[in-house]
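Visitor: Structure incoming, see below.
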Amino acid sequence: MKILGIFRGFPGLGRVVSGVALLETLRDKYDCEIKCISYLQGNRYLESHGFEDIREAIPMDYCSIGLLPTNKMGQYIHQTIRTFNPNVVLIDGEPLLTHSLRISHPNIKIAVLLNPADVRNDENDKESMDYFNTLYACADLAIVHGLRKIIDNGTYRDFVSTNTILRPEIMSVYHKTSKNIYCVLGGGTVNVGHQFAASTIALAELCQQAAVLMPDYTMHIICSSSNIYDAINENYTPNNVVLHSHVLNASDYYNDACLIITRSGRNTLSELAFLGIPAISVITGDDYRRKEQTQNLKAINSDNIKAILTNIDLVEFVALCKKLVDTSCAQRTFIPGNDTAIRKILSM
């Protein structure tokens, strides 16, 4: 069985990590032949997982909702389908391309990975949601994975809603006691508005200030893009702060962290709920992202994760950090959606 994965590479990695996790499992456990295509931040993630033959997109290749199927990158994807001849194409975050592939390759099975907010999002315009759902419904299978269950709106051919798909390396994390705190800024810092980038920098600065008041701990700040790293690196860095200019292997910092500080994205929250590691989840960004993050936290309802806003008082923030670093991991109760997704893809 041949499977081609096409994953949107911006603004963060949320559209890439889950798809790659599924394809790697299908390759390693089910002997499938796989190929992945992404761009921008997504290509850096593919490179970190050993994928070769990386194709870079140019600005004319994509818009705010993903790839344009009629430009150079779109042409490359159509050519790849003709030469690779996959049985299944797995797409995440590319509504225009989903529609285009259904038109040009009507006999290929298409599966889409969706965030619950892709299908139902009361904060978005109804007309926009109708458009997105219509394009995604061109696929033969929709796998909706996240922190809340979604009911088929009646337009999809085959539809399943399950828990978030997690990276395989997360499953083998063995947490140990340490003096290391990790601030994971996430991948969503490329092709975003000024407000979101500014809030990301503000979170890093808050952690730097907290480190001064916690000299017995080392504060690691993980920057997944050069623009954020450069902005933070211009400021004074305390001796017990380590800046990382690129994404680290998640299992490395999860194994080593006494506390994780992060934003409230679907993937990271799901990983933290699965692992039970003490965590502070920061609600940050523009209004749209704040509402989705708040919804994520409400849905997960995990005792090991405490939510704050970026404008929290420094003394209050440090007090919360000190309280959490002394707590043990919570019992694991979150069940990933990996097996459900794999079964549905193989059934195609």
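Following the order of the structure tokens, first chain is A, next is B, and so on, with residues numbered from 1 inside each chain and ligands from 1 in the order they appear.
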Could you pull the residues within 7 Å of A:Val242, counting only C-alpha atoms, minus those fewer than 6 positions along the same chain, as a list in words?
Guide: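 What passes the distance filter is Met219, His220 and Ile221 of chain A.
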Visitor: List the neighbours of stretch 156-159 of chain A out to 12 Å using only C-alpha atoms; skip same-chain residues closer than 4 positions along the sequence, and give me the result as a ChimeraX atom specification.
Guide: /A:109-114,116,119,132-145,149-152,340-341,344-345,347-348
Visitor: Please provide as a PyMOL selection string all residues within 6 Å of A:Ile91, with the sequence filter that same-chain residues fewer than 6 positions apart are discarded (counting only C-alpha atoms).
Guide: chain A and resi 5-7+112
Visitor: Excluding stretch 31-41 of chain A and any residue of its chain fewer than 2 positions from it, enumerate the residues within 6 Å of it, using only C-alpha atoms, and give them as a compact mmCIF listing (two decimals) with N, CA and C atoms, in the first residue's frame.
Guide:
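Everything below was put into out.txt:
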# COMPACT_ATOMS: atom_id res chain seq x y z
N MET A 1 0.84 -1.20 0.00
CA MET A 1 0.00 0.00 0.00
C MET A 1 0.88 1.25 0.00
N LYS A 2 0.60 2.18 -0.89
CA LYS A 2 1.35 3.44 -0.97
C LYS A 2 0.48 4.58 -0.44
N ILE A 3 1.08 5.40 0.41
CA ILE A 3 0.35 6.51 0.99
C ILE A 3 1.17 7.79 0.85
N LEU A 4 0.56 8.82 0.32
CA LEU A 4 1.18 10.14 0.20
C LEU A 4 0.55 11.07 1.22
N GLY A 5 1.37 11.73 2.04
CA GLY A 5 0.89 12.69 3.00
C GLY A 5 1.18 14.11 2.55
N ILE A 6 0.19 14.98 2.63
CA ILE A 6 0.35 16.39 2.27
C ILE A 6 -0.14 17.22 3.46
N PHE A 7 0.77 17.96 4.09
CA PHE A 7 0.44 18.61 5.35
C PHE A 7 0.81 20.10 5.32
N ARG A 8 -0.14 20.95 5.71
CA ARG A 8 0.14 22.38 5.74
C ARG A 8 1.24 22.69 6.74
N GLY A 9 2.22 23.50 6.32
CA GLY A 9 3.41 23.73 7.13
C GLY A 9 3.43 25.02 7.91
N LEU A 26 2.26 3.49 9.84
CA LEU A 26 1.87 2.67 8.70
C LEU A 26 3.09 2.09 7.98
N ARG A 27 4.17 2.84 7.96
CA ARG A 27 5.41 2.34 7.36
C ARG A 27 6.06 1.27 8.22
N ASP A 28 6.19 1.53 9.50
CA ASP A 28 6.97 0.66 10.38
C ASP A 28 6.23 -0.59 10.83
N LYS A 29 4.91 -0.50 10.95
CA LYS A 29 4.15 -1.64 11.47
C LYS A 29 3.34 -2.37 10.40
N ASN A 43 8.51 21.56 6.63
CA ASN A 43 9.69 20.91 6.05
C ASN A 43 10.80 20.71 7.07
N ARG A 44 10.91 21.64 8.02
CA ARG A 44 11.93 21.46 9.05
C ARG A 44 11.59 20.23 9.90
N GLU A 56 10.64 22.94 -1.45
CA GLU A 56 10.32 24.20 -0.79
C GLU A 56 9.29 24.98 -1.60
N ALA A 57 8.33 25.55 -0.90
CA ALA A 57 7.31 26.40 -1.54
C ALA A 57 7.80 27.83 -1.60
Visitor: Need to verify the contact set: A:Ser270, 8 Å, only C-alpha atoms, exclusion of same-chain residues closer than 6 positions in sequence. Can you return it as a ChimeraX atom specification?
Guide: /A:146-147,164,166,300,334
Visitor: Just to be explicit: take each residue in the selection above, keep N, CA, C and O atoms, and write the result as a PDB file, in the first residue's frame.
Guide:
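The result, stored in selection27.pdb:
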ATOM      1  N   GLY A 146      -9.108  15.446  18.168  1.00  0.00           N
ATOM      2  CA  GLY A 146      -8.886  16.580  19.054  1.00  0.00           C
ATOM      3  C   GLY A 146      -9.428  16.315  20.431  1.00  0.00           C
ATOM      4  O   GLY A 146      -9.586  15.165  20.853  1.00  0.00           O
ATOM      5  N   LEU A 147      -9.759  17.401  21.139  1.00  0.00           N
ATOM      6  CA  LEU A 147     -10.159  17.307  22.545  1.00  0.00           C
ATOM      7  C   LEU A 147     -11.671  17.315  22.731  1.00  0.00           C
ATOM      8  O   LEU A 147     -12.146  17.249  23.857  1.00  0.00           O
ATOM      9  N   THR A 164      -7.162  13.116  20.090  1.00  0.00           N
ATOM     10  CA  THR A 164      -5.996  13.615  19.351  1.00  0.00           C
ATOM     11  C   THR A 164      -5.014  12.488  19.041  1.00  0.00           C
ATOM     12  O   THR A 164      -4.735  11.632  19.880  1.00  0.00           O
ATOM     13  N   LEU A 166      -1.401  11.230  18.692  1.00  0.00           N
ATOM     14  CA  LEU A 166      -0.143  11.624  19.318  1.00  0.00           C
ATOM     15  C   LEU A 166       1.046  11.025  18.591  1.00  0.00           C
ATOM     16  O   LEU A 166       0.951   9.964  17.962  1.00  0.00           O
ATOM     17  N   ILE A 300     -10.456  19.361  27.933  1.00  0.00           N
ATOM     18  CA  ILE A 300      -9.521  18.362  28.454  1.00  0.00           C
ATOM     19  C   ILE A 300      -9.671  18.168  29.950  1.00  0.00           C
ATOM     20  O   ILE A 300      -9.509  17.072  30.473  1.00  0.00           O
ATOM     21  N   PHE A 334      -5.769   9.791  29.436  1.00  0.00           N
ATOM     22  CA  PHE A 334      -6.066  10.171  28.060  1.00  0.00           C
ATOM     23  C   PHE A 334      -5.703   9.043  27.107  1.00  0.00           C
ATOM     24  O   PHE A 334      -4.582   8.520  27.140  1.00  0.00           O
TER      25      PHE A 334
END
Visitor: Taking only stretch 185-298 of chain A into account, list the residues labelled alpha helix (DSSP H) by DSSP (computed from the backbone), as JSON, numbers by chain.
Guide: {"A": [194, 195, 196, 197, 198, 199, 200, 201, 202, 203, 204, 205, 206, 207, 208, 209, 210, 211, 212, 226, 227, 228, 229, 230, 231, 232, 233, 250, 251, 252, 253, 254, 255, 256, 266, 267, 268, 269, 270, 271, 272, 273, 274, 275, 287, 288, 289, 290, 291, 292, 293, 294, 295, 296, 297, 298]}
Visitor: Name all residues at most 9 Å from A:Val318 (count only C-alpha atoms; drop same-chain ones fewer than 4 positions away) and give them as an MDAnalysis selection string.
Guide: chainID A and resid 207 210:211 213:214 313:314 322:323
Visitor: Neighbouring residues of A:Ser226 were defined as those with any atom within 8 Å, considering only C-alpha atoms; residues of the same chain fewer than 3 positions away were excluded. Please report them as a list in words.
Guide: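 Skipping anything fewer than 3 positions along the chain leaves Cys223, Tyr229, Asp230, Ser245 and His246 of chain A.
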Visitor: Could you check which of A:His78, A:Lys72, A:Arg332, A:Arg55 is closest to A:Ser100, using only C-alpha atoms?
Guide: A:His78
Visitor: Based on DSSP run over this structure's backbone, return all residues of stretch 14-263 of chain A in strand (DSSP E), as a compact mmCIF listing (two decimals) with all heavy atoms, in the first residue's frame.
Guide:
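Output file out_10.txt follows:
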# COMPACT_ATOMS: atom_id res chain seq x y z
N GLU A 33 4.42 1.87 1.92
CA GLU A 33 5.40 2.78 1.31
C GLU A 33 4.84 4.20 1.42
O GLU A 33 3.70 4.45 1.00
CB GLU A 33 5.64 2.41 -0.14
CG GLU A 33 6.75 3.23 -0.80
CD GLU A 33 7.03 2.80 -2.22
OE1 GLU A 33 6.50 1.75 -2.64
OE2 GLU A 33 7.76 3.55 -2.92
N ILE A 34 5.61 5.10 2.02
CA ILE A 34 5.07 6.43 2.29
C ILE A 34 5.94 7.53 1.66
O ILE A 34 7.13 7.33 1.39
CB ILE A 34 4.95 6.70 3.80
CG1 ILE A 34 6.34 6.74 4.46
CG2 ILE A 34 4.06 5.66 4.47
CD1 ILE A 34 6.32 7.23 5.90
N LYS A 35 5.30 8.67 1.45
CA LYS A 35 5.99 9.87 1.00
C LYS A 35 5.26 11.06 1.61
O LYS A 35 4.03 11.06 1.71
CB LYS A 35 5.98 9.96 -0.53
CG LYS A 35 6.81 11.11 -1.11
CD LYS A 35 6.82 11.05 -2.62
CE LYS A 35 7.64 12.19 -3.22
NZ LYS A 35 9.07 12.09 -2.85
N CYS A 36 6.04 12.06 2.03
CA CYS A 36 5.44 13.24 2.67
C CYS A 36 5.79 14.52 1.93
O CYS A 36 6.93 14.68 1.46
CB CYS A 36 5.93 13.37 4.12
SG CYS A 36 5.27 12.13 5.24
N ILE A 37 4.83 15.43 1.87
CA ILE A 37 5.05 16.76 1.29
C ILE A 37 4.53 17.79 2.28
O ILE A 37 3.41 17.68 2.79
CB ILE A 37 4.31 16.91 -0.05
CG1 ILE A 37 4.88 15.95 -1.10
CG2 ILE A 37 4.41 18.36 -0.56
CD1 ILE A 37 4.11 15.96 -2.41
N TYR A 62 1.13 29.64 -1.90
CA TYR A 62 0.15 29.43 -0.83
C TYR A 62 -0.52 30.74 -0.43
O TYR A 62 -0.04 31.83 -0.73
CB TYR A 62 0.82 28.78 0.39
CG TYR A 62 2.02 29.52 0.91
CD1 TYR A 62 1.90 30.56 1.83
CD2 TYR A 62 3.31 29.17 0.49
CE1 TYR A 62 3.01 31.24 2.30
CE2 TYR A 62 4.43 29.84 0.96
CZ TYR A 62 4.27 30.87 1.86
OH TYR A 62 5.37 31.54 2.33
N CYS A 63 -1.66 30.58 0.24
CA CYS A 63 -2.40 31.72 0.78
C CYS A 63 -2.71 31.42 2.25
O CYS A 63 -2.17 30.46 2.81
CB CYS A 63 -3.68 31.96 -0.01
SG CYS A 63 -4.85 30.58 0.06
N GLY A 66 -3.81 27.79 2.91
CA GLY A 66 -3.04 26.66 2.42
C GLY A 66 -2.55 26.81 0.99
O GLY A 66 -2.51 27.92 0.44
N LEU A 67 -2.19 25.70 0.40
CA LEU A 67 -1.60 25.69 -0.94
C LEU A 67 -2.62 26.06 -2.01
O LEU A 67 -3.80 25.69 -1.93
CB LEU A 67 -1.03 24.31 -1.25
CG LEU A 67 0.25 23.91 -0.51
CD1 LEU A 67 0.55 22.44 -0.74
CD2 LEU A 67 1.43 24.77 -0.95
N VAL A 88 -3.62 5.87 -1.33
CA VAL A 88 -4.32 6.82 -0.46
C VAL A 88 -3.50 8.10 -0.37
O VAL A 88 -2.28 8.05 -0.27
CB VAL A 88 -4.54 6.25 0.95
CG1 VAL A 88 -5.17 7.30 1.88
CG2 VAL A 88 -5.41 5.00 0.91
N VAL A 89 -4.19 9.25 -0.41
CA VAL A 89 -3.55 10.53 -0.13
C VAL A 89 -4.14 11.04 1.19
O VAL A 89 -5.36 11.16 1.33
CB VAL A 89 -3.80 11.56 -1.24
CG1 VAL A 89 -3.14 12.89 -0.88
CG2 VAL A 89 -3.24 11.05 -2.57
N LEU A 90 -3.26 11.31 2.16
CA LEU A 90 -3.67 11.80 3.47
C LEU A 90 -3.35 13.29 3.55
O LEU A 90 -2.20 13.69 3.39
CB LEU A 90 -2.93 11.04 4.58
CG LEU A 90 -3.26 11.42 6.02
CD1 LEU A 90 -4.71 11.07 6.35
CD2 LEU A 90 -2.31 10.71 6.99
N ILE A 91 -4.37 14.12 3.77
CA ILE A 91 -4.22 15.58 3.71
C ILE A 91 -4.62 16.20 5.03
O ILE A 91 -5.63 15.83 5.62
CB ILE A 91 -5.09 16.17 2.58
CG1 ILE A 91 -4.72 15.56 1.22
CG2 ILE A 91 -4.97 17.68 2.52
CD1 ILE A 91 -5.62 16.00 0.08
N ASP A 92 -3.81 17.15 5.51
CA ASP A 92 -4.17 17.91 6.70
C ASP A 92 -4.00 19.40 6.43
O ASP A 92 -2.91 19.86 6.08
CB ASP A 92 -3.28 17.50 7.89
CG ASP A 92 -3.87 17.94 9.24
OD1 ASP A 92 -4.62 18.93 9.25
OD2 ASP A 92 -3.57 17.30 10.26
N LYS A 109 -8.12 7.33 -3.46
CA LYS A 109 -8.77 7.50 -2.18
C LYS A 109 -8.11 8.66 -1.43
O LYS A 109 -6.89 8.73 -1.32
CB LYS A 109 -8.66 6.23 -1.34
CG LYS A 109 -9.38 5.03 -1.93
CD LYS A 109 -10.89 5.21 -1.90
CE LYS A 109 -11.61 3.96 -2.38
NZ LYS A 109 -13.08 4.13 -2.36
N ILE A 110 -8.92 9.55 -0.91
CA ILE A 110 -8.43 10.72 -0.18
C ILE A 110 -8.97 10.69 1.25
O ILE A 110 -10.18 10.52 1.46
CB ILE A 110 -8.86 12.03 -0.85
CG1 ILE A 110 -8.32 12.10 -2.29
CG2 ILE A 110 -8.38 13.24 -0.05
CD1 ILE A 110 -8.85 13.30 -3.07
N ALA A 111 -8.07 10.85 2.22
CA ALA A 111 -8.46 10.98 3.62
C ALA A 111 -7.97 12.33 4.13
O ALA A 111 -6.85 12.74 3.81
CB ALA A 111 -7.85 9.85 4.46
N VAL A 112 -8.80 13.02 4.89
CA VAL A 112 -8.40 14.31 5.47
C VAL A 112 -8.35 14.19 6.99
O VAL A 112 -9.21 13.55 7.61
CB VAL A 112 -9.36 15.45 5.07
CG1 VAL A 112 -9.17 15.81 3.61
CG2 VAL A 112 -10.81 15.10 5.35
N LEU A 113 -7.30 14.77 7.57
CA LEU A 113 -7.20 14.92 9.02
C LEU A 113 -7.73 16.30 9.37
O LEU A 113 -7.28 17.30 8.79
CB LEU A 113 -5.74 14.77 9.48
CG LEU A 113 -5.10 13.40 9.34
CD1 LEU A 113 -3.65 13.46 9.81
CD2 LEU A 113 -5.87 12.36 10.15
N LEU A 114 -8.64 16.37 10.32
CA LEU A 114 -9.27 17.63 10.65
C LEU A 114 -9.21 17.92 12.14
O LEU A 114 -9.27 17.00 12.97
CB LEU A 114 -10.74 17.62 10.21
CG LEU A 114 -11.02 17.38 8.72
CD1 LEU A 114 -12.52 17.34 8.47
CD2 LEU A 114 -10.36 18.45 7.86
N LEU A 141 -12.75 9.99 3.25
CA LEU A 141 -12.76 9.76 4.70
C LEU A 141 -12.30 11.02 5.41
O LEU A 141 -11.31 11.65 5.01
CB LEU A 141 -11.81 8.60 5.06
CG LEU A 141 -11.46 8.40 6.53
CD1 LEU A 141 -12.71 8.00 7.33
CD2 LEU A 141 -10.36 7.35 6.68
N ALA A 142 -13.01 11.40 6.48
CA ALA A 142 -12.61 12.51 7.33
C ALA A 142 -12.33 11.96 8.73
O ALA A 142 -13.21 11.34 9.34
CB ALA A 142 -13.69 13.57 7.39
N ILE A 143 -11.10 12.18 9.21
CA ILE A 143 -10.73 11.79 10.57
C ILE A 143 -10.59 13.07 11.39
O ILE A 143 -9.65 13.83 11.19
CB ILE A 143 -9.41 11.00 10.58
CG1 ILE A 143 -9.52 9.74 9.72
CG2 ILE A 143 -9.02 10.63 12.02
CD1 ILE A 143 -8.21 9.01 9.52
N VAL A 144 -11.54 13.31 12.25
CA VAL A 144 -11.52 14.50 13.10
C VAL A 144 -10.94 14.10 14.44
O VAL A 144 -11.49 13.26 15.14
CB VAL A 144 -12.95 15.06 13.28
CG1 VAL A 144 -12.91 16.36 14.08
CG2 VAL A 144 -13.62 15.28 11.93
N HIS A 145 -9.80 14.71 14.80
CA HIS A 145 -9.17 14.32 16.06
C HIS A 145 -8.85 15.55 16.89
O HIS A 145 -8.40 16.57 16.37
CB HIS A 145 -7.91 13.48 15.81
CG HIS A 145 -6.78 14.19 15.15
ND1 HIS A 145 -5.60 14.50 15.80
CD2 HIS A 145 -6.63 14.69 13.90
CE1 HIS A 145 -4.79 15.13 14.98
NE2 HIS A 145 -5.39 15.26 13.82
N GLY A 146 -9.11 15.45 18.17
CA GLY A 146 -8.89 16.58 19.05
C GLY A 146 -9.43 16.32 20.43
O GLY A 146 -9.59 15.17 20.85
N PHE A 159 -16.94 9.39 8.12
CA PHE A 159 -16.58 10.39 9.12
C PHE A 159 -16.35 9.69 10.46
O PHE A 159 -17.17 8.86 10.88
CB PHE A 159 -17.73 11.39 9.23
CG PHE A 159 -17.51 12.56 10.15
CD1 PHE A 159 -17.12 13.79 9.65
CD2 PHE A 159 -17.72 12.44 11.52
CE1 PHE A 159 -16.95 14.88 10.48
CE2 PHE A 159 -17.56 13.51 12.37
CZ PHE A 159 -17.16 14.74 11.85
N VAL A 160 -15.24 10.02 11.13
CA VAL A 160 -14.99 9.51 12.47
C VAL A 160 -14.40 10.63 13.31
O VAL A 160 -13.57 11.41 12.84
CB VAL A 160 -14.04 8.29 12.45
CG1 VAL A 160 -12.67 8.64 11.87
CG2 VAL A 160 -13.88 7.69 13.84
N SER A 161 -14.86 10.74 14.54
CA SER A 161 -14.34 11.72 15.50
C SER A 161 -13.69 10.98 16.65
O SER A 161 -14.32 10.11 17.26
CB SER A 161 -15.48 12.62 16.00
OG SER A 161 -15.00 13.58 16.92
N THR A 162 -12.43 11.30 16.93
CA THR A 162 -11.68 10.57 17.94
C THR A 162 -10.76 11.51 18.70
O THR A 162 -10.67 12.70 18.38
CB THR A 162 -10.87 9.43 17.28
OG1 THR A 162 -10.27 8.61 18.28
CG2 THR A 162 -9.79 9.99 16.36
N ASN A 163 -10.09 10.98 19.72
CA ASN A 163 -9.14 11.79 20.48
C ASN A 163 -7.92 12.16 19.63
O ASN A 163 -7.67 11.55 18.59
CB ASN A 163 -8.67 11.03 21.73
CG ASN A 163 -9.71 11.03 22.83
OD1 ASN A 163 -10.64 11.82 22.82
ND2 ASN A 163 -9.58 10.13 23.77
N ASN A 180 14.71 20.92 35.76
CA ASN A 180 14.58 21.59 34.46
C ASN A 180 13.13 21.94 34.17
O ASN A 180 12.25 21.08 34.22
CB ASN A 180 15.12 20.69 33.35
CG ASN A 180 16.62 20.50 33.43
OD1 ASN A 180 17.37 21.47 33.37
ND2 ASN A 180 17.06 19.25 33.61
N ILE A 181 12.91 23.21 33.86
CA ILE A 181 11.61 23.70 33.42
C ILE A 181 11.71 24.04 31.94
O ILE A 181 12.68 24.67 31.51
CB ILE A 181 11.19 24.96 34.21
CG1 ILE A 181 11.11 24.64 35.71
CG2 ILE A 181 9.86 25.50 33.71
CD1 ILE A 181 10.89 25.87 36.58
N TYR A 182 10.73 23.60 31.16
CA TYR A 182 10.76 23.86 29.72
C TYR A 182 9.58 24.73 29.32
O TYR A 182 8.42 24.39 29.58
CB TYR A 182 10.72 22.55 28.93
CG TYR A 182 12.03 21.80 28.94
CD1 TYR A 182 12.36 20.96 29.99
CD2 TYR A 182 12.94 21.94 27.89
CE1 TYR A 182 13.57 20.27 30.00
CE2 TYR A 182 14.14 21.26 27.89
CZ TYR A 182 14.46 20.43 28.95
OH TYR A 182 15.66 19.76 28.96
N CYS A 183 9.89 25.85 28.69
CA CYS A 183 8.87 26.71 28.08
C CYS A 183 8.84 26.38 26.59
O CYS A 183 9.79 26.68 25.86
CB CYS A 183 9.20 28.18 28.31
SG CYS A 183 8.09 29.31 27.43
N VAL A 184 7.77 25.76 26.15
CA VAL A 184 7.64 25.32 24.76
C VAL A 184 6.77 26.34 24.03
O VAL A 184 5.56 26.38 24.22
CB VAL A 184 7.01 23.92 24.69
CG1 VAL A 184 6.97 23.43 23.24
CG2 VAL A 184 7.77 22.94 25.57
N THR A 218 16.75 25.36 36.12
CA THR A 218 17.17 25.81 34.80
C THR A 218 15.94 25.96 33.92
O THR A 218 15.15 25.03 33.78
CB THR A 218 18.14 24.81 34.15
OG1 THR A 218 19.30 24.67 34.97
CG2 THR A 218 18.57 25.30 32.77
N MET A 219 15.78 27.14 33.35
CA MET A 219 14.63 27.44 32.49
C MET A 219 15.06 27.30 31.02
O MET A 219 15.90 28.06 30.53
CB MET A 219 14.13 28.85 32.74
CG MET A 219 12.93 29.26 31.88
SD MET A 219 11.37 28.49 32.36
CE MET A 219 11.04 29.36 33.92
N HIS A 220 14.52 26.32 30.34
CA HIS A 220 14.79 26.11 28.91
C HIS A 220 13.66 26.74 28.12
O HIS A 220 12.48 26.45 28.36
CB HIS A 220 14.86 24.62 28.59
CG HIS A 220 15.95 23.89 29.28
ND1 HIS A 220 17.16 23.61 28.69
CD2 HIS A 220 16.03 23.39 30.55
CE1 HIS A 220 17.93 22.95 29.54
NE2 HIS A 220 17.27 22.80 30.68
N ILE A 221 14.00 27.60 27.16
CA ILE A 221 13.00 28.24 26.30
C ILE A 221 13.21 27.74 24.88
O ILE A 221 14.26 28.00 24.27
CB ILE A 221 13.09 29.77 26.36
CG1 ILE A 221 12.88 30.25 27.81
CG2 ILE A 221 12.06 30.41 25.44
CD1 ILE A 221 13.02 31.74 28.00
N ILE A 222 12.22 27.00 24.37
CA ILE A 222 12.34 26.37 23.06
C ILE A 222 11.67 27.24 22.01
O ILE A 222 10.44 27.41 22.00
CB ILE A 222 11.71 24.97 23.06
CG1 ILE A 222 12.33 24.11 24.16
CG2 ILE A 222 11.89 24.30 21.71
CD1 ILE A 222 11.66 22.75 24.33
N VAL A 241 19.05 30.39 32.32
CA VAL A 241 18.13 30.29 31.17
C VAL A 241 18.92 29.78 29.96
O VAL A 241 19.99 30.28 29.64
CB VAL A 241 17.49 31.64 30.82
CG1 VAL A 241 16.74 31.56 29.49
CG2 VAL A 241 16.53 32.07 31.94
N VAL A 242 18.36 28.76 29.30
CA VAL A 242 18.96 28.20 28.08
C VAL A 242 17.98 28.43 26.94
O VAL A 242 16.83 27.98 26.99
CB VAL A 242 19.25 26.69 28.23
CG1 VAL A 242 19.85 26.15 26.93
CG2 VAL A 242 20.18 26.43 29.41
N LEU A 243 18.44 29.16 25.90
CA LEU A 243 17.61 29.39 24.72
C LEU A 243 17.92 28.34 23.66
O LEU A 243 19.08 28.11 23.32
CB LEU A 243 17.87 30.79 24.14
CG LEU A 243 17.51 31.99 25.01
CD1 LEU A 243 17.83 33.28 24.25
CD2 LEU A 243 16.05 31.96 25.42
N HIS A 244 16.88 27.71 23.14
CA HIS A 244 17.04 26.72 22.07
C HIS A 244 16.47 27.33 20.79
O HIS A 244 15.30 27.74 20.75
CB HIS A 244 16.31 25.43 22.42
CG HIS A 244 16.79 24.77 23.68
ND1 HIS A 244 17.83 23.86 23.70
CD2 HIS A 244 16.39 24.92 24.97
CE1 HIS A 244 18.03 23.45 24.94
NE2 HIS A 244 17.18 24.08 25.73
N ALA A 257 11.64 17.11 32.17
CA ALA A 257 11.01 18.32 32.71
C ALA A 257 10.31 18.06 34.04
O ALA A 257 9.57 17.09 34.19
CB ALA A 257 10.01 18.87 31.71
N CYS A 258 10.52 18.97 35.00
CA CYS A 258 9.71 18.95 36.21
C CYS A 258 8.46 19.81 36.02
O CYS A 258 7.50 19.71 36.79
CB CYS A 258 10.51 19.42 37.41
SG CYS A 258 11.06 21.15 37.33
N LEU A 259 8.48 20.64 34.97
CA LEU A 259 7.34 21.50 34.66
C LEU A 259 7.41 21.91 33.19
O LEU A 259 8.49 22.23 32.69
CB LEU A 259 7.35 22.76 35.55
CG LEU A 259 6.30 23.84 35.27
CD1 LEU A 259 4.90 23.31 35.55
CD2 LEU A 259 6.58 25.09 36.10
N ILE A 260 6.27 21.89 32.52
CA ILE A 260 6.16 22.37 31.14
C ILE A 260 5.30 23.63 31.14
O ILE A 260 4.21 23.66 31.72
CB ILE A 260 5.52 21.32 30.22
CG1 ILE A 260 6.38 20.05 30.12
CG2 ILE A 260 5.27 21.90 28.83
CD1 ILE A 260 7.65 20.22 29.33
N ILE A 261 5.80 24.67 30.47
CA ILE A 261 5.03 25.89 30.27
C ILE A 261 4.78 26.02 28.77
O ILE A 261 5.72 25.99 27.98
CB ILE A 261 5.79 27.12 30.79
CG1 ILE A 261 6.10 26.95 32.28
CG2 ILE A 261 4.98 28.40 30.56
CD1 ILE A 261 7.09 27.97 32.81
N THR A 262 3.52 26.17 28.37
CA THR A 262 3.22 26.14 26.94
C THR A 262 1.92 26.87 26.66
O THR A 262 1.21 27.26 27.58
CB THR A 262 3.11 24.68 26.45
OG1 THR A 262 2.91 24.65 25.04
CG2 THR A 262 1.96 23.96 27.13
N ARG A 263 1.63 27.05 25.38
CA ARG A 263 0.33 27.56 25.00
C ARG A 263 -0.68 26.41 24.95
O ARG A 263 -0.31 25.25 25.01
CB ARG A 263 0.41 28.27 23.65
CG ARG A 263 1.09 29.62 23.73
CD ARG A 263 0.75 30.46 22.50
NE ARG A 263 1.25 29.84 21.29
CZ ARG A 263 2.33 30.26 20.64
NH1 ARG A 263 3.03 31.26 21.09
NH2 ARG A 263 2.71 29.66 19.53
Visitor: Please measure the separation of atom CA of A:Ala21 and atom CA of A:Ser64, giving the value in Å to one decimal.
Guide: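 Separation of atom CA of A:Ala21 and atom CA of A:Ser64: 24.7 Å.
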Visitor: Just give me the gap between atom CA of A:Glu271 and atom CA of A:Asp216 in Å, one decimal is fine.
Guide: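 One can read the atom CA of A:Glu271 to atom CA of A:Asp216 distance as 26.7 Å.
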Visitor: Calculate how many Å separate atom CA of A:Ile308 from atom CA of A:Glu123, rounding to one decimal.
Guide: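 A separation of 21.5 Å between them.
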